[in-house]
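For reference, the structure is listed below as structure tokens.
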Amino acid sequence: MTPSSPASVAASPPASRGLFISFEGIDGAGKSSHIQGLHDAFVAAGRQVVSTREPGGTPLAEKLRALFLQEPMDALTEALLVFAGRRDHLQQVIEPALARGDVVLCDRFTDATFAYQGAGRGFDLQVLSVLEHMVQARPELGQGVLRQPDLTIWFDLPTEVAAERLAGARAPDRFEAEPQQFFARVAAGYAERALAQPERFARIDSHQPKPAVWQAVREAVEAQGWLSASQVEG
Ligand SMILES: Nc1ncnc2c1ncn2[C@@H]1O[C@H](COP(=O)(O)OP(=O)(O)O)[C@@H](O)[C@H]1O
Ligand SMILES: Cc1cn([C@H]2C[C@H](O)[C@@H](COP(=O)(O)OP(=O)(O)O)O2)c(=O)[nH]c1=O
């Protein structure tokens, strides 16, 4: 039997497939509260996990994040900065982790750009789509194939409830200081993205007590067959 025959391939232990999971929602929707819980659940299931975030995730992208969150700028500059950081993040962290077979948990990804810069700021969605195609292209898999999350956990919450949760919780950054109408547009932007790519979106009703939200998060992941039922509380 040659080393490359199917039987000899099957004889080696199956490598885990890398999983890319993003977390989205308006500010205050409650996603940060559950990322650590999911991290722990995957570790308990024997997986290597990389928890990361956008904007940020690499030394360069974290520098861009600080500018992005604090300095006044127009929507095109916001989009260029966030996609520049995303490119570095993909190359330095996300793609290597997925190639190793790790689970990547990413606090926000490109859906946030469509929701915040696109729907929130009113910036041209086609330009965002061009940037998305440049930054996330996977030419080795064919023209037009993009790196996208395998699953996007979307925390959906009425804007007024998110505002109440955030009030006094932390010093607002440039986005958190926006009025509720801005977040209503952002929420509509997420809904539009979820409608366009339903196969990878799991909508979580975040207007529930934390344990119920955690249960819904776990169920969304288990529905993909990625975690066995049991283990770890969020
Ligand atoms: N289900 C919930 N019910 C009530 N308060 C919550 C819930 N989930 C999160 N919070 C609180 O709301 C605030 C924002 O939550 P956080 O997880 O930081 O949101 P995000 O990361 O989406 O901005 C925090 O003070 C957090 O403790
Ligand atoms: C990834 C991304 C985030 N943002 C915004 C959303 C958030 O208001 C902010 C930072 O996100 P986040 O890290 O979720 O903030 P926090 O840790 O304070 O909850 O950046 C964009 O406007 N566009 C993007 O592409």
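We label chains A, B, ... in the order they appear in the structure tokens, count residues from 1 in each chain, and number ligands from 1 in the order shown.
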Practice item. Enumerate as an MDAnalysis selection string the residues within 6 Å of ligand 2, counting only C-alpha atoms and all ligand atoms. Key: chainID A and resid 27 54:55 82 108:110 112:113 116:117 175:176
Practice item. Check which residues fall inside 10 Å of ligand 1 when counting only C-alpha atoms and all ligand atoms, and print them as a ChimeraX atom specification. Key: /A:23-35,107-108,154-157,161-170,176,205-214
Using only C-alpha atoms, determine which residues lie at most 10 Å from segment 135-138 of chain A, disregarding the query and same-chain residues fewer than 3 positions distant; provide the list as a short mmCIF file (atom, residue, chain, number, x, y, z; two decimals) with C-alpha atoms, in the first residue's frame.
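Wrote result-v4.cif, looks like this:
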data_model
loop_
_atom_site.label_atom_id
_atom_site.label_comp_id
_atom_site.auth_asym_id
_atom_site.auth_seq_id
_atom_site.Cartn_x
_atom_site.Cartn_y
_atom_site.Cartn_z
CA PHE A 83 -10.21 46.43 6.99
CA ALA A 84 -6.45 47.11 7.26
CA GLY A 85 -6.49 45.71 10.78
CA ARG A 86 -8.64 42.79 9.59
CA ARG A 87 -6.12 41.90 6.89
CA ASP A 88 -3.31 41.75 9.44
CA LEU A 90 -6.45 37.25 9.23
CA GLN A 91 -2.85 36.75 8.14
CA THR A 110 -16.94 42.02 8.94
CA SER A 129 -18.16 44.67 -0.40
CA VAL A 130 -15.15 45.48 -2.60
CA LEU A 131 -12.96 45.83 0.51
CA GLU A 132 -14.40 42.60 1.93
CA LEU A 141 -10.26 27.97 -3.39
CA GLY A 142 -11.41 29.86 -6.47
CA GLN A 143 -12.33 33.32 -7.64
CA GLY A 144 -14.82 35.08 -5.38
CA VAL A 145 -14.41 32.63 -2.49
CA LEU A 146 -14.11 34.54 0.80
CA ARG A 147 -13.06 33.70 4.32
CA GLN A 148 -16.26 34.05 6.33
#
